[in-house]
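> Just final_28.cif, nothing more (mmCIF, N, CA and C atoms):
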data_structure
loop_
_atom_site.group_PDB
_atom_site.id
_atom_site.type_symbol
_atom_site.label_atom_id
_atom_site.label_comp_id
_atom_site.auth_asym_id
_atom_site.auth_seq_id
_atom_site.Cartn_x
_atom_site.Cartn_y
_atom_site.Cartn_z
ATOM 1 N N LEU A 1 119.243 87.868 95.537
ATOM 2 C CA LEU A 1 118.089 87.772 96.412
ATOM 3 C C LEU A 1 117.720 86.319 96.635
ATOM 4 N N LYS A 2 117.223 86.054 97.813
ATOM 5 C CA LYS A 2 116.768 84.710 98.143
ATOM 6 C C LYS A 2 115.278 84.775 98.463
ATOM 7 N N ILE A 3 114.495 83.909 97.828
ATOM 8 C CA ILE A 3 113.059 83.868 98.079
ATOM 9 C C ILE A 3 112.751 82.614 98.885
ATOM 10 N N GLU A 4 112.200 82.798 100.055
ATOM 11 C CA GLU A 4 111.846 81.677 100.921
ATOM 12 C C GLU A 4 110.610 80.955 100.383
ATOM 13 N N LEU A 5 110.446 79.685 100.747
ATOM 14 C CA LEU A 5 109.279 78.923 100.325
ATOM 15 C C LEU A 5 107.976 79.586 100.761
ATOM 16 N N SER A 6 107.957 80.133 101.958
ATOM 17 C CA SER A 6 106.741 80.760 102.454
ATOM 18 C C SER A 6 106.384 82.022 101.674
ATOM 19 N N CYS A 7 107.344 82.626 101.011
ATOM 20 C CA CYS A 7 107.087 83.881 100.307
ATOM 21 C C CYS A 7 106.383 83.701 98.971
ATOM 22 N N PHE A 8 106.489 82.561 98.354
ATOM 23 C CA PHE A 8 105.781 82.424 97.090
ATOM 24 C C PHE A 8 104.549 81.527 97.193
ATOM 25 N N GLY A 9 104.077 81.299 98.400
ATOM 26 C CA GLY A 9 102.791 80.634 98.592
ATOM 27 C C GLY A 9 102.836 79.119 98.648
ATOM 28 N N TRP A 10 104.015 78.528 98.713
ATOM 29 C CA TRP A 10 104.122 77.077 98.737
ATOM 30 C C TRP A 10 103.408 76.482 99.949
ATOM 31 N N TYR A 11 103.605 77.085 101.117
ATOM 32 C CA TYR A 11 102.999 76.550 102.335
ATOM 33 C C TYR A 11 101.474 76.680 102.312
ATOM 34 N N SER A 12 100.970 77.788 101.780
ATOM 35 C CA SER A 12 99.511 77.926 101.716
ATOM 36 C C SER A 12 98.909 76.934 100.733
ATOM 37 N N MET A 13 99.615 76.652 99.637
ATOM 38 C CA MET A 13 99.115 75.649 98.694
ATOM 39 C C MET A 13 99.097 74.263 99.331
ATOM 40 N N LEU A 14 100.146 73.915 100.065
ATOM 41 C CA LEU A 14 100.168 72.629 100.761
ATOM 42 C C LEU A 14 99.067 72.544 101.815
ATOM 43 N N LEU A 15 98.842 73.641 102.519
ATOM 44 C CA LEU A 15 97.787 73.687 103.525
ATOM 45 C C LEU A 15 96.418 73.496 102.893
ATOM 46 N N ILE A 16 96.185 74.134 101.768
ATOM 47 C CA ILE A 16 94.905 74.014 101.067
ATOM 48 C C ILE A 16 94.672 72.579 100.609
ATOM 49 N N VAL A 17 95.647 72.006 99.933
ATOM 50 C CA VAL A 17 95.496 70.639 99.421
ATOM 51 C C VAL A 17 95.279 69.660 100.569
ATOM 52 N N SER A 18 96.049 69.794 101.627
ATOM 53 C CA SER A 18 95.897 68.866 102.756
ATOM 54 C C SER A 18 94.559 69.067 103.468
ATOM 55 N N ALA A 19 94.081 70.300 103.566
ATOM 56 C CA ALA A 19 92.797 70.555 104.220
ATOM 57 C C ALA A 19 91.641 69.955 103.422
ATOM 58 N N VAL A 20 91.650 70.153 102.109
ATOM 59 C CA VAL A 20 90.572 69.620 101.272
ATOM 60 C C VAL A 20 90.610 68.090 101.252
ATOM 61 N N LEU A 21 91.807 67.515 101.113
ATOM 62 C CA LEU A 21 91.923 66.055 101.131
ATOM 63 C C LEU A 21 91.497 65.488 102.486
ATOM 64 N N SER A 22 91.903 66.135 103.563
ATOM 65 C CA SER A 22 91.522 65.673 104.897
ATOM 66 C C SER A 22 90.019 65.730 105.082
ATOM 67 N N TYR A 23 89.405 66.810 104.626
ATOM 68 C CA TYR A 23 87.944 66.923 104.714
ATOM 69 C C TYR A 23 87.279 65.772 103.982
ATOM 70 N N SER A 24 87.763 65.492 102.777
ATOM 71 C CA SER A 24 87.167 64.423 101.976
ATOM 72 C C SER A 24 87.376 63.052 102.602
ATOM 73 N N LEU A 25 88.524 62.822 103.211
ATOM 74 C CA LEU A 25 88.814 61.517 103.807
ATOM 75 C C LEU A 25 88.117 61.304 105.149
ATOM 76 N N VAL A 26 88.018 62.346 105.958
ATOM 77 C CA VAL A 26 87.554 62.187 107.330
ATOM 78 C C VAL A 26 86.086 62.571 107.515
ATOM 79 N N ILE A 27 85.654 63.674 106.940
ATOM 80 C CA ILE A 27 84.317 64.184 107.228
ATOM 81 C C ILE A 27 83.285 63.722 106.210
ATOM 82 N N GLU A 28 83.507 64.050 104.968
ATOM 83 C CA GLU A 28 82.529 63.712 103.945
ATOM 84 C C GLU A 28 83.237 63.455 102.623
ATOM 85 N N LYS A 29 83.053 62.266 102.092
ATOM 86 C CA LYS A 29 83.717 61.871 100.853
ATOM 87 C C LYS A 29 83.248 62.750 99.699
ATOM 88 N N ILE A 30 84.202 63.365 99.011
ATOM 89 C CA ILE A 30 83.906 64.179 97.835
ATOM 90 C C ILE A 30 84.293 63.366 96.608
ATOM 91 N N GLU A 31 83.413 63.361 95.630
ATOM 92 C CA GLU A 31 83.666 62.653 94.378
ATOM 93 C C GLU A 31 85.004 63.119 93.788
ATOM 94 N N LYS A 32 85.769 62.162 93.222
ATOM 95 C CA LYS A 32 87.133 62.433 92.768
ATOM 96 C C LYS A 32 87.205 63.617 91.795
ATOM 97 N N LYS A 33 86.300 63.676 90.842
ATOM 98 C CA LYS A 33 86.301 64.751 89.848
ATOM 99 C C LYS A 33 86.063 66.110 90.518
ATOM 100 N N LYS A 34 85.117 66.155 91.457
ATOM 101 C CA LYS A 34 84.826 67.389 92.180
ATOM 102 C C LYS A 34 85.994 67.772 93.089
ATOM 103 N N LEU A 35 86.609 66.783 93.702
ATOM 104 C CA LEU A 35 87.740 67.017 94.589
ATOM 105 C C LEU A 35 88.906 67.656 93.831
ATOM 106 N N ILE A 36 89.208 67.132 92.666
ATOM 107 C CA ILE A 36 90.287 67.686 91.851
ATOM 108 C C ILE A 36 89.950 69.106 91.423
ATOM 109 N N ARG A 37 88.692 69.342 91.051
ATOM 110 C CA ARG A 37 88.277 70.688 90.647
ATOM 111 C C ARG A 37 88.416 71.677 91.815
ATOM 112 N N ILE A 38 87.994 71.272 93.009
ATOM 113 C CA ILE A 38 88.108 72.142 94.185
ATOM 114 C C ILE A 38 89.579 72.455 94.464
ATOM 115 N N ILE A 39 90.420 71.433 94.417
ATOM 116 C CA ILE A 39 91.846 71.644 94.688
ATOM 117 C C ILE A 39 92.468 72.584 93.658
ATOM 118 N N LEU A 40 92.148 72.401 92.389
ATOM 119 C CA LEU A 40 92.705 73.271 91.351
ATOM 120 C C LEU A 40 92.240 74.716 91.520
ATOM 121 N N ILE A 41 90.967 74.913 91.836
ATOM 122 C CA ILE A 41 90.450 76.265 92.063
ATOM 123 C C ILE A 41 91.142 76.900 93.264
ATOM 124 N N MET A 42 91.326 76.128 94.320
ATOM 125 C CA MET A 42 91.955 76.665 95.529
ATOM 126 C C MET A 42 93.435 76.983 95.305
ATOM 127 N N VAL A 43 94.130 76.156 94.551
ATOM 128 C CA VAL A 43 95.545 76.432 94.256
ATOM 129 C C VAL A 43 95.650 77.704 93.408
ATOM 130 N N LEU A 44 94.765 77.864 92.427
ATOM 131 C CA LEU A 44 94.750 79.083 91.619
ATOM 132 C C LEU A 44 94.429 80.301 92.491
ATOM 133 N N ALA A 45 93.456 80.167 93.381
ATOM 134 C CA ALA A 45 93.107 81.267 94.285
ATOM 135 C C ALA A 45 94.280 81.609 95.201
ATOM 136 N N SER A 46 95.004 80.597 95.651
ATOM 137 C CA SER A 46 96.177 80.829 96.490
ATOM 138 C C SER A 46 97.245 81.589 95.720
ATOM 139 N N TYR A 47 97.453 81.208 94.481
ATOM 140 C CA TYR A 47 98.430 81.895 93.640
ATOM 141 C C TYR A 47 98.034 83.361 93.445
ATOM 142 N N LEU A 48 96.750 83.598 93.153
ATOM 143 C CA LEU A 48 96.276 84.959 92.938
ATOM 144 C C LEU A 48 96.330 85.788 94.224
ATOM 145 N N ALA A 49 96.010 85.167 95.364
ATOM 146 C CA ALA A 49 96.109 85.871 96.642
ATOM 147 C C ALA A 49 97.559 86.237 96.934
ATOM 148 N N ASN A 50 98.477 85.357 96.601
ATOM 149 C CA ASN A 50 99.894 85.650 96.809
ATOM 150 C C ASN A 50 100.362 86.759 95.867
ATOM 151 N N LEU A 51 99.864 86.754 94.637
ATOM 152 C CA LEU A 51 100.185 87.822 93.697
ATOM 153 C C LEU A 51 99.659 89.161 94.216
ATOM 154 N N LEU A 52 98.451 89.159 94.767
ATOM 155 C CA LEU A 52 97.892 90.362 95.377
ATOM 156 C C LEU A 52 98.752 90.821 96.551
ATOM 157 N N ARG A 53 99.231 89.880 97.348
ATOM 158 C CA ARG A 53 100.098 90.201 98.487
ATOM 159 C C ARG A 53 101.372 90.906 98.017
ATOM 160 N N VAL A 54 101.982 90.377 96.974
ATOM 161 C CA VAL A 54 103.206 90.979 96.450
ATOM 162 C C VAL A 54 102.922 92.375 95.901
ATOM 163 N N MET A 55 101.809 92.542 95.206
ATOM 164 C CA MET A 55 101.469 93.859 94.668
ATOM 165 C C MET A 55 101.238 94.863 95.795
ATOM 166 N N ILE A 56 100.578 94.436 96.868
ATOM 167 C CA ILE A 56 100.365 95.319 98.015
ATOM 168 C C ILE A 56 101.699 95.687 98.650
ATOM 169 N N LEU A 57 102.584 94.720 98.800
ATOM 170 C CA LEU A 57 103.896 95.001 99.397
ATOM 171 C C LEU A 57 104.718 95.960 98.543
ATOM 172 N N VAL A 58 104.660 95.806 97.230
ATOM 173 C CA VAL A 58 105.384 96.722 96.335
ATOM 174 C C VAL A 58 104.803 98.132 96.455
ATOM 175 N N ALA A 59 103.473 98.231 96.471
ATOM 176 C CA ALA A 59 102.832 99.548 96.603
ATOM 177 C C ALA A 59 103.176 100.193 97.943
ATOM 178 N N LEU A 60 103.148 99.406 99.013
ATOM 179 C CA LEU A 60 103.512 99.935 100.328
ATOM 180 C C LEU A 60 104.944 100.457 100.339
ATOM 181 N N THR A 61 105.838 99.711 99.721
ATOM 182 C CA THR A 61 107.237 100.128 99.664
ATOM 183 C C THR A 61 107.379 101.407 98.855
ATOM 184 N N TYR A 62 106.708 101.470 97.730
ATOM 185 C CA TYR A 62 106.816 102.637 96.852
ATOM 186 C C TYR A 62 106.261 103.896 97.528
ATOM 187 N N PHE A 63 105.072 103.781 98.132
ATOM 188 C CA PHE A 63 104.413 104.961 98.685
ATOM 189 C C PHE A 63 104.835 105.301 100.121
ATOM 190 N N TYR A 64 105.166 104.285 100.920
ATOM 191 C CA TYR A 64 105.421 104.537 102.347
ATOM 192 C C TYR A 64 106.812 104.128 102.825
ATOM 193 N N GLY A 65 107.580 103.488 101.986
ATOM 194 C CA GLY A 65 108.951 103.153 102.347
ATOM 195 C C GLY A 65 109.142 101.714 102.815
ATOM 196 N N LEU A 66 110.390 101.341 102.880
ATOM 197 C CA LEU A 66 110.779 99.972 103.236
ATOM 198 C C LEU A 66 110.353 99.587 104.645
ATOM 199 N N LYS A 67 110.437 100.530 105.569
ATOM 200 C CA LYS A 67 110.091 100.233 106.955
ATOM 201 C C LYS A 67 108.619 99.808 107.094
ATOM 202 N N THR A 68 107.733 100.485 106.375
ATOM 203 C CA THR A 68 106.308 100.139 106.405
ATOM 204 C C THR A 68 106.075 98.762 105.788
ATOM 205 N N MET A 69 106.738 98.511 104.654
ATOM 206 C CA MET A 69 106.579 97.209 104.003
ATOM 207 C C MET A 69 107.042 96.089 104.921
ATOM 208 N N LEU A 70 108.167 96.283 105.599
ATOM 209 C CA LEU A 70 108.679 95.246 106.497
ATOM 210 C C LEU A 70 107.746 95.012 107.683
ATOM 211 N N ALA A 71 106.982 96.018 108.078
ATOM 212 C CA ALA A 71 106.015 95.846 109.161
ATOM 213 C C ALA A 71 104.824 95.008 108.698
ATOM 214 N N PHE A 72 104.410 95.165 107.428
ATOM 215 C CA PHE A 72 103.258 94.433 106.903
ATOM 216 C C PHE A 72 103.622 93.042 106.383
ATOM 217 N N HIS A 73 104.847 92.857 105.935
ATOM 218 C CA HIS A 73 105.260 91.626 105.253
ATOM 219 C C HIS A 73 104.961 90.334 106.030
ATOM 220 N N PRO A 74 105.290 90.257 107.317
ATOM 221 C CA PRO A 74 105.064 88.975 108.008
ATOM 222 C C PRO A 74 103.591 88.595 108.183
ATOM 223 N N HIS A 75 102.684 89.545 108.093
ATOM 224 C CA HIS A 75 101.287 89.269 108.415
ATOM 225 C C HIS A 75 100.346 89.268 107.216
ATOM 226 N N LEU A 76 100.729 89.911 106.151
ATOM 227 C CA LEU A 76 99.833 90.078 105.017
ATOM 228 C C LEU A 76 99.417 88.747 104.392
ATOM 229 N N GLY A 77 100.306 87.777 104.342
ATOM 230 C CA GLY A 77 99.981 86.475 103.750
ATOM 231 C C GLY A 77 98.872 85.753 104.484
ATOM 232 N N TRP A 78 98.962 85.647 105.803
ATOM 233 C CA TRP A 78 97.919 84.918 106.532
ATOM 234 C C TRP A 78 96.617 85.706 106.580
ATOM 235 N N ILE A 79 96.694 87.038 106.529
ATOM 236 C CA ILE A 79 95.466 87.834 106.505
ATOM 237 C C ILE A 79 94.714 87.584 105.198
ATOM 238 N N LEU A 80 95.409 87.623 104.070
ATOM 239 C CA LEU A 80 94.772 87.354 102.780
ATOM 240 C C LEU A 80 94.280 85.912 102.705
ATOM 241 N N PHE A 81 95.048 84.984 103.273
ATOM 242 C CA PHE A 81 94.624 83.588 103.313
ATOM 243 C C PHE A 81 93.292 83.469 104.048
ATOM 244 N N ALA A 82 93.191 84.123 105.189
ATOM 245 C CA ALA A 82 91.967 84.048 105.988
ATOM 246 C C ALA A 82 90.794 84.761 105.319
ATOM 247 N N LEU A 83 91.047 85.891 104.692
ATOM 248 C CA LEU A 83 89.968 86.682 104.095
ATOM 249 C C LEU A 83 89.478 86.142 102.761
ATOM 250 N N ILE A 84 90.364 85.534 101.988
ATOM 251 C CA ILE A 84 90.006 85.095 100.642
ATOM 252 C C ILE A 84 89.849 83.579 100.552
ATOM 253 N N LEU A 85 90.850 82.845 100.989
ATOM 254 C CA LEU A 85 90.891 81.414 100.707
ATOM 255 C C LEU A 85 89.991 80.575 101.607
ATOM 256 N N LEU A 86 89.924 80.884 102.889
ATOM 257 C CA LEU A 86 89.085 80.070 103.778
ATOM 258 C C LEU A 86 87.599 80.173 103.430
ATOM 259 N N PRO A 87 87.040 81.389 103.207
ATOM 260 C CA PRO A 87 85.634 81.445 102.789
ATOM 261 C C PRO A 87 85.393 80.772 101.436
ATOM 262 N N LEU A 88 86.345 80.915 100.507
ATOM 263 C CA LEU A 88 86.205 80.279 99.208
ATOM 264 C C LEU A 88 86.202 78.759 99.349
ATOM 265 N N MET A 89 87.098 78.222 100.176
ATOM 266 C CA MET A 89 87.131 76.782 100.402
ATOM 267 C C MET A 89 85.810 76.301 101.003
ATOM 268 N N HIS A 90 85.288 77.037 101.972
ATOM 269 C CA HIS A 90 84.006 76.678 102.589
ATOM 270 C C HIS A 90 82.891 76.670 101.537
ATOM 271 N N PHE A 91 82.836 77.711 100.715
ATOM 272 C CA PHE A 91 81.814 77.813 99.679
ATOM 273 C C PHE A 91 81.911 76.656 98.686
ATOM 274 N N LEU A 92 83.117 76.350 98.217
ATOM 275 C CA LEU A 92 83.285 75.293 97.220
ATOM 276 C C LEU A 92 82.912 73.925 97.777
ATOM 277 N N ILE A 93 83.303 73.652 99.011
ATOM 278 C CA ILE A 93 82.989 72.351 99.599
ATOM 279 C C ILE A 93 81.495 72.219 99.853
ATOM 280 N N GLU A 94 80.858 73.263 100.368
ATOM 281 C CA GLU A 94 79.422 73.212 100.628
ATOM 282 C C GLU A 94 78.627 73.095 99.318
ATOM 283 N N ARG A 95 79.069 73.772 98.285
ATOM 284 C CA ARG A 95 78.377 73.755 96.998
ATOM 285 C C ARG A 95 78.478 72.400 96.313
ATOM 286 N N ASN A 96 79.574 71.705 96.526
ATOM 287 C CA ASN A 96 79.815 70.445 95.819
ATOM 288 C C ASN A 96 79.348 69.216 96.585
ATOM 289 N N ASN A 97 78.773 69.398 97.732
ATOM 290 C CA ASN A 97 78.266 68.230 98.483
ATOM 291 C C ASN A 97 76.780 68.127 98.397
#
Now, as a test, write the supplied structure out as structure tokens.

Amino acid sequence: LKIELSCFGWYSMLLIVSAVLSYSLVIEKIEKKKLIRIILIMVLASYLANLLRVMILVALTYFYGLKTMLAFHPHLGWILFALILLPLMHFLIERNN
């Protein structure tokens, strides 16, 4: 089996780190200690969201078959990213400023 970079959350982690760093550099400077804490929390949340994605895909495959899983696979990652990580990032940045 071959696992693509996008399948284990590498791209979402890079997106999170670059978004938080960009916010701190361009919009509002975040103290270094707080910035590192936000990034670590977001990377952990990304990992957990990806783990949830894999668990959902396994359950879909088990209960509904491979065809259903393949229909959900391309979209489930960005849906979880939008539902979990973006609001969390907003909350953490607003709370720490």
> I'd like the residues picked by the PyMOL selection byres (((chain A and resi 24 and name CA) around 12) and name CA) written out as a list in words, using the chain letters and numbers from the file.
Val17, Ser18, Ala19, Val20, Leu21, Ser22, Tyr23, Leu25, Val26, Ile27, Glu28, Lys29, Ile30, Glu31, Lys32, Lys34, Leu35, Ile36, Ile38, Ile39, Ile93, Glu94, Asn96 and Asn97 of chain A
> Just how far from atom C of Ser46 in chain A is atom N of Gly65 in chain A, in Å to one decimal?
25.0 Å
> Care to translate the PyMOL selection byres (((chain A and resi 9-13 and name CA) around 10) and name CA) into actual residues of this file, as a list in words?
Glu4, Leu5, Ser6, Cys7, Phe8, Leu14, Leu15, Ile16, Val17, Ser18, Ala19, Ile39, Met42, Val43, Leu44, Ala45, Ser46, Tyr47, Leu48, Ala49, Asn50, Leu51, Arg53, Gly77, Trp78, Phe81 and Leu85 of chain A
> Can you list, as a PyMOL selection string, all residues belonging to chain A that DSSP tags as alpha helix (DSSP H)?
chain A and resi 10-22+32-64+66-80+86-95
> Taking the file as shown, what set of residues would the PyMOL selection byres (((chain A and resi 72 and name CA) around 12) and name CA) give back, as a ChimeraX atom specification?
/A:53-54,56-61,64-71,73-80
> CA of Leu83 in chain A to CA of Leu52 in chain A: how many Å, to one decimal?
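We find that CA of Leu83 in chain A and CA of Leu52 in chain A lie 12.3 Å from each other.
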> Find the distance between atom N of Lys33 in chain A and atom N of Arg95 in chain A and write it in Å to one decimal.
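Spanning atom N of Lys33 in chain A to atom N of Arg95 in chain A is a straight-line distance of 14.5 Å.
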> Using the atoms already present, construct all heavy atoms for range 75-86 of chain A and hand them back as an mmCIF file, keeping the file's coordinate frame.

data_model
loop_
_atom_site.group_PDB
_atom_site.id
_atom_site.type_symbol
_atom_site.label_atom_id
_atom_site.label_comp_id
_atom_site.auth_asym_id
_atom_site.auth_seq_id
_atom_site.Cartn_x
_atom_site.Cartn_y
_atom_site.Cartn_z
ATOM 1 N N HIS A 75 102.684 89.545 108.093
ATOM 2 C CA HIS A 75 101.287 89.269 108.415
ATOM 3 C C HIS A 75 100.346 89.268 107.216
ATOM 4 O O HIS A 75 99.274 88.678 107.283
ATOM 5 C CB HIS A 75 100.784 90.289 109.438
ATOM 6 C CG HIS A 75 101.655 90.376 110.640
ATOM 7 N ND1 HIS A 75 101.760 89.351 111.559
ATOM 8 C CD2 HIS A 75 102.503 91.346 111.053
ATOM 9 C CE1 HIS A 75 102.620 89.699 112.501
ATOM 10 N NE2 HIS A 75 103.085 90.899 112.221
ATOM 11 N N LEU A 76 100.729 89.911 106.151
ATOM 12 C CA LEU A 76 99.833 90.078 105.017
ATOM 13 C C LEU A 76 99.417 88.747 104.392
ATOM 14 O O LEU A 76 98.265 88.586 103.984
ATOM 15 C CB LEU A 76 100.493 90.982 103.969
ATOM 16 C CG LEU A 76 99.582 91.623 102.948
ATOM 17 C CD1 LEU A 76 98.444 92.373 103.598
ATOM 18 C CD2 LEU A 76 100.377 92.548 102.045
ATOM 19 N N GLY A 77 100.306 87.777 104.342
ATOM 20 C CA GLY A 77 99.981 86.475 103.750
ATOM 21 C C GLY A 77 98.872 85.753 104.484
ATOM 22 O O GLY A 77 97.901 85.296 103.873
ATOM 23 N N TRP A 78 98.962 85.647 105.803
ATOM 24 C CA TRP A 78 97.919 84.918 106.532
ATOM 25 C C TRP A 78 96.617 85.706 106.580
ATOM 26 O O TRP A 78 95.536 85.110 106.635
ATOM 27 C CB TRP A 78 98.374 84.482 107.924
ATOM 28 C CG TRP A 78 98.623 85.569 108.925
ATOM 29 C CD1 TRP A 78 99.820 86.119 109.266
ATOM 30 C CD2 TRP A 78 97.641 86.223 109.740
ATOM 31 N NE1 TRP A 78 99.646 87.075 110.228
ATOM 32 C CE2 TRP A 78 98.319 87.165 110.540
ATOM 33 C CE3 TRP A 78 96.264 86.108 109.871
ATOM 34 C CZ2 TRP A 78 97.672 87.980 111.458
ATOM 35 C CZ3 TRP A 78 95.609 86.924 110.781
ATOM 36 C CH2 TRP A 78 96.317 87.842 111.563
ATOM 37 N N ILE A 79 96.694 87.038 106.529
ATOM 38 C CA ILE A 79 95.466 87.834 106.505
ATOM 39 C C ILE A 79 94.714 87.584 105.198
ATOM 40 O O ILE A 79 93.497 87.343 105.204
ATOM 41 C CB ILE A 79 95.781 89.331 106.693
ATOM 42 C CG1 ILE A 79 96.269 89.578 108.121
ATOM 43 C CG2 ILE A 79 94.577 90.195 106.367
ATOM 44 C CD1 ILE A 79 96.837 90.963 108.363
ATOM 45 N N LEU A 80 95.409 87.623 104.070
ATOM 46 C CA LEU A 80 94.772 87.354 102.780
ATOM 47 C C LEU A 80 94.280 85.912 102.705
ATOM 48 O O LEU A 80 93.223 85.636 102.142
ATOM 49 C CB LEU A 80 95.726 87.657 101.629
ATOM 50 C CG LEU A 80 95.997 89.128 101.381
ATOM 51 C CD1 LEU A 80 97.050 89.306 100.295
ATOM 52 C CD2 LEU A 80 94.739 89.871 101.027
ATOM 53 N N PHE A 81 95.048 84.984 103.273
ATOM 54 C CA PHE A 81 94.624 83.588 103.313
ATOM 55 C C PHE A 81 93.292 83.469 104.048
ATOM 56 O O PHE A 81 92.357 82.823 103.581
ATOM 57 C CB PHE A 81 95.699 82.743 104.003
ATOM 58 C CG PHE A 81 95.423 81.271 103.988
ATOM 59 C CD1 PHE A 81 95.792 80.508 102.902
ATOM 60 C CD2 PHE A 81 94.805 80.646 105.054
ATOM 61 C CE1 PHE A 81 95.554 79.146 102.878
ATOM 62 C CE2 PHE A 81 94.558 79.288 105.041
ATOM 63 C CZ PHE A 81 94.932 78.533 103.946
ATOM 64 N N ALA A 82 93.191 84.123 105.189
ATOM 65 C CA ALA A 82 91.967 84.048 105.988
ATOM 66 C C ALA A 82 90.794 84.761 105.319
ATOM 67 O O ALA A 82 89.667 84.275 105.358
ATOM 68 C CB ALA A 82 92.218 84.638 107.376
ATOM 69 N N LEU A 83 91.047 85.891 104.692
ATOM 70 C CA LEU A 83 89.968 86.682 104.095
ATOM 71 C C LEU A 83 89.478 86.142 102.761
ATOM 72 O O LEU A 83 88.308 86.292 102.427
ATOM 73 C CB LEU A 83 90.421 88.134 103.905
ATOM 74 C CG LEU A 83 90.612 88.948 105.164
ATOM 75 C CD1 LEU A 83 91.144 90.337 104.813
ATOM 76 C CD2 LEU A 83 89.309 89.063 105.940
ATOM 77 N N ILE A 84 90.364 85.534 101.988
ATOM 78 C CA ILE A 84 90.006 85.095 100.642
ATOM 79 C C ILE A 84 89.849 83.579 100.552
ATOM 80 O O ILE A 84 88.830 83.063 100.084
ATOM 81 C CB ILE A 84 91.058 85.572 99.613
ATOM 82 C CG1 ILE A 84 91.078 87.101 99.556
ATOM 83 C CG2 ILE A 84 90.778 84.993 98.227
ATOM 84 C CD1 ILE A 84 92.218 87.670 98.749
ATOM 85 N N LEU A 85 90.850 82.845 100.989
ATOM 86 C CA LEU A 85 90.891 81.414 100.707
ATOM 87 C C LEU A 85 89.991 80.575 101.607
ATOM 88 O O LEU A 85 89.364 79.633 101.140
ATOM 89 C CB LEU A 85 92.334 80.921 100.771
ATOM 90 C CG LEU A 85 93.251 81.605 99.747
ATOM 91 C CD1 LEU A 85 94.685 81.205 99.983
ATOM 92 C CD2 LEU A 85 92.834 81.272 98.347
ATOM 93 N N LEU A 86 89.924 80.884 102.889
ATOM 94 C CA LEU A 86 89.085 80.070 103.778
ATOM 95 C C LEU A 86 87.599 80.173 103.430
ATOM 96 O O LEU A 86 86.928 79.142 103.336
ATOM 97 C CB LEU A 86 89.356 80.419 105.240
ATOM 98 C CG LEU A 86 90.736 80.003 105.743
ATOM 99 C CD1 LEU A 86 90.936 80.463 107.184
ATOM 100 C CD2 LEU A 86 90.948 78.511 105.624
#
